[in-house]
Amino acid sequence: MFNNNKKTPYEILGVGRYSTQKEIRNRYLQLCKIYHPDINKNSKVDFTEITVAYNMLTKQHTNNYYQHRPSAYSSHTTIIDTKLWTRRSYLAGFGIVVFTLLYLQSQNEHSQKNPSSQLLLPYEILHNKNQENHTATPWQKEGASFREWRKK
């Protein structure tokens, strides 16, 4: 069952790749109860393989596993060309900046041609509607503060 050397520690323990440490520990303890040599003497499963897989997946040994056995994940990993990604991110950032500048320039030209028809952001539209619907209080109508208005 577990004798295949090409299996990853995740496959040996029967947990997912993104399992938490708690899930890995619980699964290890379950397998210990089933396959430990003191409990199951006739087991055909190599218990040391389960223990090694558990040790590889714990927090202390995770980095060591990937350094010493890169061939186990060679089919699962891809080499990332960081220079290419850096170049693409710079180009994307430059494109966003150019697009923003062109948009602002067109908005500026549009507002110069038609000052009354400026494009407003949603919160600016809402603010303008609130000001239109807002009824002034008596002291605001007189142009006085509340204290001055109350003293009259």
# chains A, B, ... in the order shown; residues from 1 in each chain; ligands from 1
>>> residues_around(residues="Arg150 in chain A", least_positions_apart="6", cutoff="12 Å", atoms="only C-alpha atoms", output="ChimeraX atom specification")
/A:138-140,142,144
>>> select_by_dssp(residues="range 17-47 of chain A", states="helix (DSSP H, G or I)", output="number ranges by chain")
A: 21-35, 47
>>> atom_distance(atom1="CA of Asp46 in chain A", atom2="CA of Gln21 in chain A")
22.5 Å
>>> residues_around(residues="Leu31 in chain A", least_positions_apart="6", cutoff="12 Å", atoms="only C-alpha atoms", output="ChimeraX atom specification")
/A:2,12-15,24-25,37,39-40,43,45-51,53-54
>>> atom_distance(atom1="CA of Leu104 in chain A", atom2="CA of Leu120 in chain A")
12.8 Å
>>> atom_distance(atom1="CA of Leu121 in chain A", atom2="CA of Ala92 in chain A")
24.9 Å
